[in-house]
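Student: Structure supplied as input-v3.pdb; contents: PDB, C-alpha atoms.
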```
ATOM      1  CA  MET A   1      95.725 135.565 106.897
ATOM      2  CA  THR A   2      99.182 135.918 108.476
ATOM      3  CA  TYR A   3     101.081 133.193 110.268
ATOM      4  CA  ALA A   4     103.833 133.139 112.847
ATOM      5  CA  ARG A   5     107.125 132.294 111.219
ATOM      6  CA  THR A   6     108.663 128.964 112.201
ATOM      7  CA  THR A   7     112.356 128.586 112.935
ATOM      8  CA  PRO A   8     114.639 127.319 110.152
ATOM      9  CA  LEU A   9     115.167 124.048 112.055
ATOM     10  CA  MET A  10     111.408 123.456 112.247
ATOM     11  CA  GLN A  11     110.900 124.443 108.639
ATOM     12  CA  HIS A  12     113.296 122.149 106.856
ATOM     13  CA  ARG A  13     112.338 118.617 105.883
ATOM     14  CA  ARG A  14     114.555 116.688 103.515
ATOM     15  CA  ILE A  15     112.648 114.232 101.300
ATOM     16  CA  ALA A  16     114.661 111.463  99.623
ATOM     17  CA  MET A  17     113.186 109.159  96.970
ATOM     18  CA  VAL A  18     114.909 105.847  96.213
ATOM     19  CA  VAL A  19     114.873 105.123  92.466
ATOM     20  CA  TYR A  20     116.182 102.221  90.391
ATOM     21  CA  PRO A  21     116.197 101.060  86.744
ATOM     22  CA  ASP A  22     112.730 100.480  85.229
ATOM     23  CA  CYS A  23     110.927 102.304  88.020
ATOM     24  CA  GLU A  24     107.610 104.030  87.284
ATOM     25  CA  ILE A  25     108.334 107.681  86.550
ATOM     26  CA  MET A  26     105.001 108.963  87.867
ATOM     27  CA  ASP A  27     105.598 107.169  91.182
ATOM     28  CA  VAL A  28     108.580 109.486  91.513
ATOM     29  CA  THR A  29     107.431 112.762  90.025
ATOM     30  CA  GLY A  30     103.848 112.779  91.360
ATOM     31  CA  PRO A  31     104.665 112.679  95.096
ATOM     32  CA  MET A  32     107.718 114.919  94.690
ATOM     33  CA  ASP A  33     105.594 117.553  92.964
ATOM     34  CA  VAL A  34     103.238 117.566  95.967
ATOM     35  CA  PHE A  35     106.126 118.644  98.200
ATOM     36  CA  CYS A  36     107.196 121.199  95.596
ATOM     37  CA  PHE A  37     103.667 122.667  95.551
ATOM     38  CA  ALA A  38     103.723 122.721  99.358
ATOM     39  CA  ASN A  39     106.730 125.038  99.167
ATOM     40  CA  TYR A  40     104.719 127.316  96.849
ATOM     41  CA  ALA A  41     101.688 127.203  99.141
ATOM     42  CA  LEU A  42     103.711 128.131 102.222
ATOM     43  CA  ARG A  43     105.340 131.038 100.391
ATOM     44  CA  LEU A  44     101.995 132.331  99.112
ATOM     45  CA  SER A  45     100.498 132.114 102.594
ATOM     46  CA  GLY A  46     103.342 134.164 104.065
ATOM     47  CA  ARG A  47     104.488 131.413 106.397
ATOM     48  CA  ILE A  48     107.939 131.397 104.814
ATOM     49  CA  ALA A  49     109.861 133.933 102.742
ATOM     50  CA  GLU A  50     109.712 133.812  98.941
ATOM     51  CA  THR A  51     113.294 132.543  98.811
ATOM     52  CA  GLU A  52     112.781 129.773 101.380
ATOM     53  CA  SER A  53     111.708 126.137 101.072
ATOM     54  CA  VAL A  54     110.453 123.813 103.777
ATOM     55  CA  TYR A  55     111.033 120.723 101.663
ATOM     56  CA  SER A  56     114.224 119.877  99.818
ATOM     57  CA  LEU A  57     113.988 116.994  97.375
ATOM     58  CA  SER A  58     116.573 114.500  96.155
ATOM     59  CA  LEU A  59     116.699 111.209  94.267
ATOM     60  CA  ILE A  60     118.802 108.384  95.705
ATOM     61  CA  ALA A  61     120.084 105.372  93.757
ATOM     62  CA  GLU A  62     122.790 102.732  93.924
ATOM     63  CA  GLN A  63     124.990 105.339  92.308
ATOM     64  CA  SER A  64     124.397 108.918  91.239
ATOM     65  CA  GLY A  65     123.634 109.688  87.628
ATOM     66  CA  PRO A  66     121.008 108.808  85.027
ATOM     67  CA  ILE A  67     118.354 106.172  85.754
ATOM     68  CA  ARG A  68     116.262 104.782  82.893
ATOM     69  CA  THR A  69     112.610 104.491  83.917
ATOM     70  CA  ALA A  70     110.061 101.994  82.602
ATOM     71  CA  SER A  71     108.817 104.542  80.059
ATOM     72  CA  GLY A  72     112.317 105.009  78.623
ATOM     73  CA  MET A  73     112.649 108.514  80.049
ATOM     74  CA  ARG A  74     115.600 109.145  82.316
ATOM     75  CA  LEU A  75     115.830 110.614  85.781
ATOM     76  CA  CYS A  76     119.080 111.805  87.322
ATOM     77  CA  ALA A  77     119.860 110.441  90.777
ATOM     78  CA  ASP A  78     121.459 113.104  92.951
ATOM     79  CA  LEU A  79     123.214 110.792  95.379
ATOM     80  CA  ALA A  80     124.278 107.207  96.002
ATOM     81  CA  TYR A  81     122.852 105.309  98.978
ATOM     82  CA  GLU A  82     125.883 105.941 101.172
ATOM     83  CA  ASP A  83     125.830 109.697 100.471
ATOM     84  CA  ILE A  84     122.299 110.384 101.709
ATOM     85  CA  PRO A  85     122.349 113.216 104.271
ATOM     86  CA  GLU A  86     121.997 112.204 107.914
ATOM     87  CA  ASP A  87     119.249 114.780 108.457
ATOM     88  CA  THR A  88     116.881 113.130 105.931
ATOM     89  CA  ASP A  89     113.353 113.396 107.292
ATOM     90  CA  THR A  90     111.316 111.166 104.977
ATOM     91  CA  LEU A  91     112.633 108.254 102.938
ATOM     92  CA  MET A  92     110.447 107.184 100.020
ATOM     93  CA  VAL A  93     110.785 104.161  97.732
ATOM     94  CA  THR A  94     109.327 104.242  94.239
ATOM     95  CA  GLY A  95     107.487 101.404  92.526
ATOM     96  CA  ALA A  96     107.749  99.728  89.133
ATOM     97  CA  PRO A  97     105.146  98.486  86.654
ATOM     98  CA  PHE A  98     106.418  94.904  86.829
ATOM     99  CA  THR A  99     108.497  92.726  89.125
ATOM    100  CA  VAL A 100     112.084  93.910  88.848
ATOM    101  CA  ASP A 101     115.425  92.710  90.200
ATOM    102  CA  SER A 102     115.775  95.891  92.271
ATOM    103  CA  TRP A 103     113.187  94.526  94.674
ATOM    104  CA  ARG A 104     115.782  91.975  95.734
ATOM    105  CA  ASP A 105     118.905  94.091  95.219
ATOM    106  CA  GLU A 106     121.322  92.974  97.948
ATOM    107  CA  LYS A 107     122.968  96.379  98.366
ATOM    108  CA  LEU A 108     119.583  98.054  98.774
ATOM    109  CA  LYS A 109     118.474  95.344 101.222
ATOM    110  CA  ARG A 110     121.553  95.938 103.370
ATOM    111  CA  TRP A 111     121.256  99.719 103.303
ATOM    112  CA  LEU A 112     117.531 100.371 103.591
ATOM    113  CA  PRO A 113     116.724  98.805 107.019
ATOM    114  CA  GLY A 114     119.502 100.747 108.719
ATOM    115  CA  MET A 115     118.509 103.981 107.024
ATOM    116  CA  ALA A 116     114.889 103.403 107.984
ATOM    117  CA  LEU A 117     115.900 103.606 111.655
ATOM    118  CA  LYS A 118     117.340 107.087 111.146
ATOM    119  CA  VAL A 119     114.418 108.828 109.438
ATOM    120  CA  ARG A 120     111.086 110.047 110.770
ATOM    121  CA  ARG A 121     109.014 108.381 108.057
ATOM    122  CA  VAL A 122     109.467 105.483 105.631
ATOM    123  CA  VAL A 123     107.164 105.559 102.600
ATOM    124  CA  SER A 124     106.542 103.270  99.638
ATOM    125  CA  ILE A 125     104.815 104.327  96.445
ATOM    126  CA  CYS A 126     102.774 101.694  94.605
ATOM    127  CA  THR A 127     104.802  98.472  94.243
ATOM    128  CA  GLY A 128     107.634 100.011  96.233
ATOM    129  CA  ALA A 129     105.902  98.101  99.029
ATOM    130  CA  PHE A 130     107.683  94.979  97.712
ATOM    131  CA  VAL A 131     111.027  96.628  98.487
ATOM    132  CA  LEU A 132     109.937  97.406 102.050
ATOM    133  CA  ALA A 133     108.521  93.900 102.464
ATOM    134  CA  GLU A 134     111.690  92.288 101.106
ATOM    135  CA  CYS A 135     113.682  94.271 103.693
ATOM    136  CA  GLY A 136     111.378  93.172 106.536
ATOM    137  CA  LEU A 137     110.095  96.703 107.112
ATOM    138  CA  LEU A 138     106.451  95.653 106.713
ATOM    139  CA  ASN A 139     106.571  92.617 108.993
ATOM    140  CA  HIS A 140     103.563  92.592 111.331
ATOM    141  CA  ARG A 141     102.290  95.825 109.810
ATOM    142  CA  LYS A 142      99.239  96.798 107.788
ATOM    143  CA  ALA A 143     100.083  97.903 104.257
ATOM    144  CA  THR A 144      98.801  98.250 100.717
ATOM    145  CA  THR A 145     100.103  98.367  97.164
ATOM    146  CA  HIS A 146      98.675  98.544  93.637
ATOM    147  CA  TRP A 147      95.479  96.466  93.560
ATOM    148  CA  LEU A 148      96.907  94.285  90.757
ATOM    149  CA  PHE A 149      99.709  93.105  93.053
ATOM    150  CA  CYS A 150      97.912  92.739  96.398
ATOM    151  CA  GLU A 151      97.461  88.976  96.111
ATOM    152  CA  GLN A 152     101.082  88.522  95.077
ATOM    153  CA  ILE A 153     102.556  90.494  97.959
ATOM    154  CA  ALA A 154     100.200  88.859 100.459
ATOM    155  CA  SER A 155     101.255  85.380  99.320
ATOM    156  CA  GLN A 156     104.988  86.209  99.185
ATOM    157  CA  TYR A 157     105.170  87.988 102.547
ATOM    158  CA  ARG A 158     102.919  86.237 105.030
ATOM    159  CA  ASP A 159     103.828  88.541 107.918
ATOM    160  CA  VAL A 160     102.344  91.578 106.135
ATOM    161  CA  GLN A 161      98.639  92.384 106.522
ATOM    162  CA  ILE A 162      97.588  93.699 103.111
ATOM    163  CA  LEU A 163      94.577  96.028 102.856
ATOM    164  CA  PRO A 164      93.868  95.855  99.102
ATOM    165  CA  ASP A 165      91.230  98.574  98.790
ATOM    166  CA  LYS A 166      93.045 101.331 100.675
ATOM    167  CA  ILE A 167      94.426 104.321  98.771
ATOM    168  CA  PHE A 168      97.186 104.500 101.370
ATOM    169  CA  VAL A 169      97.913 103.018 104.796
ATOM    170  CA  ARG A 170      99.863 104.306 107.760
ATOM    171  CA  ASP A 171     101.154 101.867 110.391
ATOM    172  CA  GLY A 172     103.411 103.612 112.882
ATOM    173  CA  ASN A 173     106.013 105.564 110.932
ATOM    174  CA  VAL A 174     105.690 103.345 107.837
ATOM    175  CA  TYR A 175     103.398 104.462 105.032
ATOM    176  CA  THR A 176     102.376 102.534 101.915
ATOM    177  CA  SER A 177     100.233 103.621  98.977
ATOM    178  CA  GLY A 178      98.169 101.994  96.249
ATOM    179  CA  GLY A 179      98.737 102.252  92.538
ATOM    180  CA  VAL A 180     100.598 105.112  90.820
ATOM    181  CA  THR A 181      98.537 108.272  91.523
ATOM    182  CA  ALA A 182      97.787 107.022  95.050
ATOM    183  CA  GLY A 183     101.334 108.185  95.818
ATOM    184  CA  ILE A 184     100.093 111.721  95.249
ATOM    185  CA  ASP A 185      97.287 111.169  97.767
ATOM    186  CA  LEU A 186      99.773 109.831 100.299
ATOM    187  CA  ALA A 187     102.216 112.713  99.790
ATOM    188  CA  LEU A 188      99.346 115.161 100.259
ATOM    189  CA  SER A 189      98.499 113.485 103.573
ATOM    190  CA  LEU A 190     102.136 113.891 104.665
ATOM    191  CA  VAL A 191     101.965 117.607 103.896
ATOM    192  CA  GLU A 192      98.786 117.828 105.957
ATOM    193  CA  GLU A 193     100.513 115.942 108.773
ATOM    194  CA  ASP A 194     103.409 118.425 108.678
ATOM    195  CA  TRP A 195     101.627 121.741 108.095
ATOM    196  CA  GLY A 196      97.903 121.251 108.610
ATOM    197  CA  TRP A 197      94.774 120.994 106.526
ATOM    198  CA  GLU A 198      94.864 124.516 105.087
ATOM    199  CA  VAL A 199      98.274 124.119 103.473
ATOM    200  CA  ALA A 200      97.406 120.652 102.135
ATOM    201  CA  ALA A 201      94.106 121.958 100.744
ATOM    202  CA  SER A 202      95.993 124.753  98.989
ATOM    203  CA  VAL A 203      98.292 122.160  97.406
ATOM    204  CA  ALA A 204      95.285 120.099  96.300
ATOM    205  CA  ARG A 205      93.662 123.131  94.700
ATOM    206  CA  GLY A 206      96.874 124.054  92.935
ATOM    207  CA  MET A 207      97.335 120.543  91.553
ATOM    208  CA  LEU A 208      93.633 120.060  90.741
ATOM    209  CA  ILE A 209      93.389 116.887  92.810
ATOM    210  CA  PHE A 210      91.068 115.573  95.507
ATOM    211  CA  MET A 211      91.919 116.584  99.051
ATOM    212  CA  ARG A 212      90.149 113.399 100.111
ATOM    213  CA  ARG A 213      89.639 111.009  97.211
ATOM    214  CA  PRO A 214      86.313 109.186  97.657
ATOM    215  CA  GLY A 215      86.329 105.399  97.764
ATOM    216  CA  GLY A 216      89.184 102.946  97.493
ATOM    217  CA  GLN A 217      91.323 101.311  94.816
ATOM    218  CA  SER A 218      88.578  98.903  93.783
ATOM    219  CA  GLN A 219      86.670 101.690  92.055
ATOM    220  CA  PHE A 220      89.530 101.885  89.531
ATOM    221  CA  SER A 221      89.779  98.158  88.849
ATOM    222  CA  SER A 222      87.587  95.862  86.823
ATOM    223  CA  TYR A 223      86.473  92.707  88.546
ATOM    224  CA  ILE A 224      88.222  89.743  86.966
ATOM    225  CA  PHE A 225      85.891  86.825  87.473
ATOM    226  CA  ASN A 226      87.404  83.463  88.297
ATOM    227  CA  GLU A 227      86.574  80.916  85.660
ATOM    228  CA  ALA A 228      85.279  77.498  86.638
ATOM    229  CA  LYS A 229      88.269  75.276  87.306
ATOM    230  CA  THR A 230      87.318  72.038  85.589
ATOM    231  CA  ARG A 231      83.794  72.189  84.196
ATOM    232  CA  LYS A 232      83.253  73.657  80.759
ATOM    233  CA  ASP A 233      79.468  73.779  81.318
ATOM    234  CA  PHE A 234      79.972  76.091  84.304
ATOM    235  CA  ARG A 235      82.322  78.327  82.292
ATOM    236  CA  GLU A 236      79.632  78.550  79.640
ATOM    237  CA  LEU A 237      77.095  79.413  82.345
ATOM    238  CA  GLN A 238      79.371  82.197  83.604
ATOM    239  CA  ALA A 239      79.610  83.643  80.098
ATOM    240  CA  TRP A 240      75.829  83.534  79.776
ATOM    241  CA  ILE A 241      75.357  85.308  83.136
ATOM    242  CA  VAL A 242      77.799  88.067  82.108
ATOM    243  CA  SER A 243      75.823  88.562  78.881
ATOM    244  CA  HIS A 244      72.416  88.555  80.600
ATOM    245  CA  PRO A 245      72.684  90.442  83.930
ATOM    246  CA  GLU A 246      69.034  91.549  83.648
ATOM    247  CA  GLU A 247      67.691  87.967  83.633
ATOM    248  CA  ASP A 248      66.361  86.000  86.614
ATOM    249  CA  LEU A 249      69.679  84.816  88.053
ATOM    250  CA  SER A 250      68.394  83.279  91.253
ATOM    251  CA  VAL A 251      69.912  79.999  92.435
ATOM    252  CA  GLU A 252      66.720  78.188  91.533
ATOM    253  CA  SER A 253      66.681  79.586  87.998
ATOM    254  CA  LEU A 254      70.371  78.912  87.366
ATOM    255  CA  ALA A 255      70.124  75.429  88.858
ATOM    256  CA  GLY A 256      67.201  74.694  86.542
ATOM    257  CA  ARG A 257      69.274  75.873  83.592
ATOM    258  CA  MET A 258      71.973  73.387  84.589
ATOM    259  CA  ALA A 259      69.436  70.589  85.307
ATOM    260  CA  MET A 260      70.649  70.353  88.898
ATOM    261  CA  SER A 261      69.066  70.712  92.294
ATOM    262  CA  PRO A 262      69.599  74.157  93.874
ATOM    263  CA  ARG A 263      71.616  72.626  96.709
ATOM    264  CA  ASN A 264      73.926  70.614  94.452
ATOM    265  CA  PHE A 265      74.269  73.535  92.021
ATOM    266  CA  SER A 266      75.344  75.902  94.814
ATOM    267  CA  ARG A 267      77.877  73.395  96.118
ATOM    268  CA  VAL A 268      79.469  72.776  92.706
ATOM    269  CA  PHE A 269      79.417  76.496  91.815
ATOM    270  CA  CYS A 270      81.357  77.362  94.986
ATOM    271  CA  GLN A 271      83.853  74.558  94.353
ATOM    272  CA  GLU A 272      84.443  75.579  90.764
ATOM    273  CA  ILE A 273      84.416  79.385  91.030
ATOM    274  CA  GLY A 274      85.216  80.193  94.637
ATOM    275  CA  LEU A 275      82.142  82.396  95.129
ATOM    276  CA  THR A 276      78.511  81.712  95.925
ATOM    277  CA  PRO A 277      76.172  82.138  92.953
ATOM    278  CA  ALA A 278      74.629  85.215  94.596
ATOM    279  CA  LYS A 279      78.004  86.931  95.075
ATOM    280  CA  PHE A 280      79.090  86.150  91.532
ATOM    281  CA  VAL A 281      75.826  87.516  90.133
ATOM    282  CA  GLU A 282      76.103  90.683  92.220
ATOM    283  CA  ARG A 283      79.615  91.357  90.931
ATOM    284  CA  VAL A 284      78.552  90.750  87.343
ATOM    285  CA  ARG A 285      75.683  93.201  87.754
ATOM    286  CA  LEU A 286      77.948  95.728  89.415
ATOM    287  CA  GLU A 287      80.419  95.526  86.536
ATOM    288  CA  ALA A 288      77.586  95.878  84.014
ATOM    289  CA  ALA A 289      76.304  98.958  85.845
ATOM    290  CA  ARG A 290      79.767 100.519  85.962
ATOM    291  CA  ASN A 291      80.196 100.097  82.228
ATOM    292  CA  LEU A 292      76.696 101.305  81.358
ATOM    293  CA  MET A 293      76.859 104.460  83.460
ATOM    294  CA  LEU A 294      80.132 105.468  81.789
ATOM    295  CA  ARG A 295      78.853 104.722  78.266
ATOM    296  CA  SER A 296      75.466 106.396  78.638
ATOM    297  CA  ASP A 297      73.588 109.217  80.332
ATOM    298  CA  HIS A 298      70.783 106.931  81.504
ATOM    299  CA  PRO A 299      69.344 107.751  84.937
ATOM    300  CA  MET A 300      70.347 105.500  87.832
ATOM    301  CA  GLU A 301      66.950 103.804  88.078
ATOM    302  CA  SER A 302      67.145 102.807  84.404
ATOM    303  CA  ILE A 303      70.711 101.511  84.784
ATOM    304  CA  ALA A 304      69.722  99.484  87.846
ATOM    305  CA  SER A 305      66.837  97.899  85.932
ATOM    306  CA  GLN A 306      68.932  97.113  82.841
ATOM    307  CA  CYS A 307      71.621  95.475  84.979
ATOM    308  CA  GLY A 308      69.314  93.274  87.016
ATOM    309  CA  PHE A 309      69.102  95.190  90.287
ATOM    310  CA  ASN A 310      65.683  95.415  91.888
ATOM    311  CA  ASN A 311      65.996  99.189  92.152
ATOM    312  CA  SER A 312      68.585 101.988  92.320
ATOM    313  CA  GLU A 313      68.839 101.668  96.105
ATOM    314  CA  GLN A 314      69.959  98.042  95.825
ATOM    315  CA  MET A 315      72.516  99.116  93.207
ATOM    316  CA  ARG A 316      73.720 101.938  95.474
ATOM    317  CA  ARG A 317      74.285  99.500  98.342
ATOM    318  CA  SER A 318      76.265  97.213  96.039
ATOM    319  CA  PHE A 319      78.486 100.105  94.894
ATOM    320  CA  GLN A 320      79.175 101.162  98.460
ATOM    321  CA  ARG A 321      79.855  97.613  99.646
ATOM    322  CA  PHE A 322      82.362  96.780  96.894
ATOM    323  CA  LEU A 323      83.694 100.172  95.779
ATOM    324  CA  ASN A 324      83.129 102.465  98.769
ATOM    325  CA  VAL A 325      81.484 105.095  96.539
ATOM    326  CA  THR A 326      77.933 105.815  95.444
ATOM    327  CA  PRO A 327      76.970 105.314  91.783
ATOM    328  CA  GLN A 328      76.739 109.101  91.392
ATOM    329  CA  GLU A 329      80.254 109.556  92.778
ATOM    330  CA  TYR A 330      81.585 106.826  90.521
ATOM    331  CA  ARG A 331      80.075 108.391  87.408
ATOM    332  CA  SER A 332      81.316 111.840  88.466
ATOM    333  CA  ASN A 333      84.842 110.520  89.050
ATOM    334  CA  PHE A 334      85.232 108.611  85.804
ATOM    335  CA  LYS A 335      82.820 109.841  83.141
TER
END
```
Turn the structure described in the file into structure tokens.

Tutor:
Amino acid sequence: MTYARTTPLMQHRRIAMVVYPDCEIMDVTGPMDVFCFANYALRLSGRIAETESVYSLSLIAEQSGPIRTASGMRLCADLAYEDIPEDTDTLMVTGAPFTVDSWRDEKLKRWLPGMALKVRRVVSICTGAFVLAECGLLNHRKATTHWLFCEQIASQYRDVQILPDKIFVRDGNVYTSGGVTAGIDLALSLVEEDWGWEVAASVARGMLIFMRRPGGQSQFSSYIFNEAKTRKDFRELQAWIVSHPEEDLSVESLAGRMAMSPRNFSRVFCQEIGLTPAKFVERVRLEAARNLMLRSDHPMESIASQCGFNNSEQMRRSFQRFLNVTPQEYRSNFK
């Protein structure tokens, strides 16, 4: 297939990634490689000449030079903040595995909001959302970040509407992504936005990644169950439930085990754990099913039975409600 050539002005998009000490190296290299592969894809398709590039890539830091990442490997920043070209199209901010001082770096906080007004798109990768939030760029916007940090960012920045299960979120010209490899998904969506589905699909094939990753971030996390706040007997009950997902775990049965009335048991359970007994049991069974389907080749009906679901259809509904994928998709993605 041949394509009409675009003009040089239309072709060029300068991508700048803000980096800082102890940043996550894959947050940087993953998305940048997507744009690099997009250059390859456009050359192979004949839309640009073999010597041309539609994306130029640069790393921006407080000052140019080596930046030590969280892994100990070093990146080399091309430019300091004040030297970023005026024609920058997309400004991206990397994340870090843990809370770092750079999220509250005063020089970055002074520079970033003004620069954000000059570019077409502002993007955060993983916990880079904290940098945008600290600068006020996420106020009154929908956003996401790594699922481990969603509660933290939501509590620290009350004006930000956090969507914890999204792989990435766009709100106006501000884009945020979930954990680590979600930055690749977001970058791929930006390529599709710029050049269409066919180019983005070519990039996905070249990088061996999903064009549309099924489900949300929750499929990658393990449910961490809240322990009972004050009552040791309820903590012991929780441990028993986790060990026996196939048992009769109805409110009546559990209340009998605790020598309480069903009504009083439900009330105390909610106070102590923050979930109804039914919701807690469903999450325990879901976690048991996730683990079993990755450790075995048992058919879905057998897994559902062993984990306390009435049937595989009930298990399927639970997977879709909490993880946004079917059990088959989950096993295919992770086994």

Student: Is it possible to get the axis-aligned box enclosing segment 116-124 of chain A (all listed atoms, 5 Å extra per side) as lines of an AutoDock Vina configuration file, with centre and edge lengths in Å rounded to one decimal?

Tutor:
```
center_x = 111.9
center_y = 106.7
center_z = 105.6
size_x = 20.8
size_y = 16.8
size_z = 22.0
```

Student: Name the closest residue to Val54 of chain A among the candidates A:Val191, A:Leu148, A:Ala182, A:Leu79; distances are taken between atoms, counting all atoms listed in the file.

Tutor: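 Answer, going by the shortest atom-to-atom distance: A:Val191.
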
Student: For atom CA of Thr145 of chain A and atom CA of Met32 of chain A, determine how far apart the two atoms are, in Å to one decimal place.

Tutor: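 Going from atom CA of Thr145 of chain A over to atom CA of Met32 of chain A covers 18.4 Å.
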
Student: Just to confirm, what's the straight-line distance from atom CA of Ile60 of chain A to atom CA of His140 of chain A in Å (one decimal)?

Tutor: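 So the two atoms, atom CA of Ile60 of chain A and atom CA of His140 of chain A, lie 26.9 Å apart.
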
Student: Would you kindly translate the PyMOL selection byres ((chain A and resi 108-118) around 12) into the concrete residues it picks from this file, as a VMD selection string?

Tutor: chain A and resid 16 to 20 60 to 63 80 to 93 101 to 107 119 to 124 130 to 138 173 to 175

Student: To test your reading of the syntax: which residues would the PyMOL selection byres ((chain A and resi 69) around 12) return for the file shown? Reply as a compact mmCIF listing (two decimals) with C-alpha atoms, in the frame of the given file.

Tutor:
```txt
# COMPACT_ATOMS: atom_id res chain seq x y z
CA VAL A 19 114.87 105.12 92.47
CA TYR A 20 116.18 102.22 90.39
CA PRO A 21 116.20 101.06 86.74
CA ASP A 22 112.73 100.48 85.23
CA CYS A 23 110.93 102.30 88.02
CA GLU A 24 107.61 104.03 87.28
CA ILE A 25 108.33 107.68 86.55
CA MET A 26 105.00 108.96 87.87
CA ASP A 27 105.60 107.17 91.18
CA VAL A 28 108.58 109.49 91.51
CA THR A 29 107.43 112.76 90.02
CA PRO A 66 121.01 108.81 85.03
CA ILE A 67 118.35 106.17 85.75
CA ARG A 68 116.26 104.78 82.89
CA ALA A 70 110.06 101.99 82.60
CA SER A 71 108.82 104.54 80.06
CA GLY A 72 112.32 105.01 78.62
CA MET A 73 112.65 108.51 80.05
CA ARG A 74 115.60 109.14 82.32
CA LEU A 75 115.83 110.61 85.78
CA CYS A 76 119.08 111.80 87.32
CA ALA A 77 119.86 110.44 90.78
CA THR A 94 109.33 104.24 94.24
CA GLY A 95 107.49 101.40 92.53
CA ALA A 96 107.75 99.73 89.13
CA PRO A 97 105.15 98.49 86.65
CA PHE A 98 106.42 94.90 86.83
CA VAL A 100 112.08 93.91 88.85
```

Student: Give me, as an NGL selection string, all polymer residues having an atom no more than 12 Å from Ser189 of chain A, counting all atoms listed in the file and skipping those fewer than 4 positions away in the same chain.

Tutor: :A and (31 or 34-35 or 38 or 123 or 167-170 or 175-177 or 182-185 or 193-201 or 203-204 or 210-213)

Student: Convert the current residue selection to file output with C-alpha atoms, as a CSV table (one decimal), keeping the file's coordinate frame.

Tutor:
```csv
chain,number,residue,atom,x,y,z
A,31,PRO,CA,104.7,112.7,95.1
A,34,VAL,CA,103.2,117.6,96.0
A,35,PHE,CA,106.1,118.6,98.2
A,38,ALA,CA,103.7,122.7,99.4
A,123,VAL,CA,107.2,105.6,102.6
A,167,ILE,CA,94.4,104.3,98.8
A,168,PHE,CA,97.2,104.5,101.4
A,169,VAL,CA,97.9,103.0,104.8
A,170,ARG,CA,99.9,104.3,107.8
A,175,TYR,CA,103.4,104.5,105.0
A,176,THR,CA,102.4,102.5,101.9
A,177,SER,CA,100.2,103.6,99.0
A,182,ALA,CA,97.8,107.0,95.0
A,183,GLY,CA,101.3,108.2,95.8
A,184,ILE,CA,100.1,111.7,95.2
A,185,ASP,CA,97.3,111.2,97.8
A,193,GLU,CA,100.5,115.9,108.8
A,194,ASP,CA,103.4,118.4,108.7
A,195,TRP,CA,101.6,121.7,108.1
A,196,GLY,CA,97.9,121.3,108.6
A,197,TRP,CA,94.8,121.0,106.5
A,198,GLU,CA,94.9,124.5,105.1
A,199,VAL,CA,98.3,124.1,103.5
A,200,ALA,CA,97.4,120.7,102.1
A,201,ALA,CA,94.1,122.0,100.7
A,203,VAL,CA,98.3,122.2,97.4
A,204,ALA,CA,95.3,120.1,96.3
A,210,PHE,CA,91.1,115.6,95.5
A,211,MET,CA,91.9,116.6,99.1
A,212,ARG,CA,90.1,113.4,100.1
A,213,ARG,CA,89.6,111.0,97.2
```

Student: Would you please work out which residue, of A:Glu301, A:Lys166, A:Tyr55, A:Arg14, is nearest to Asn324 of chain A when using all atoms listed in the file?

Tutor: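 Closest to Asn324 of chain A of all the choices is A:Lys166.
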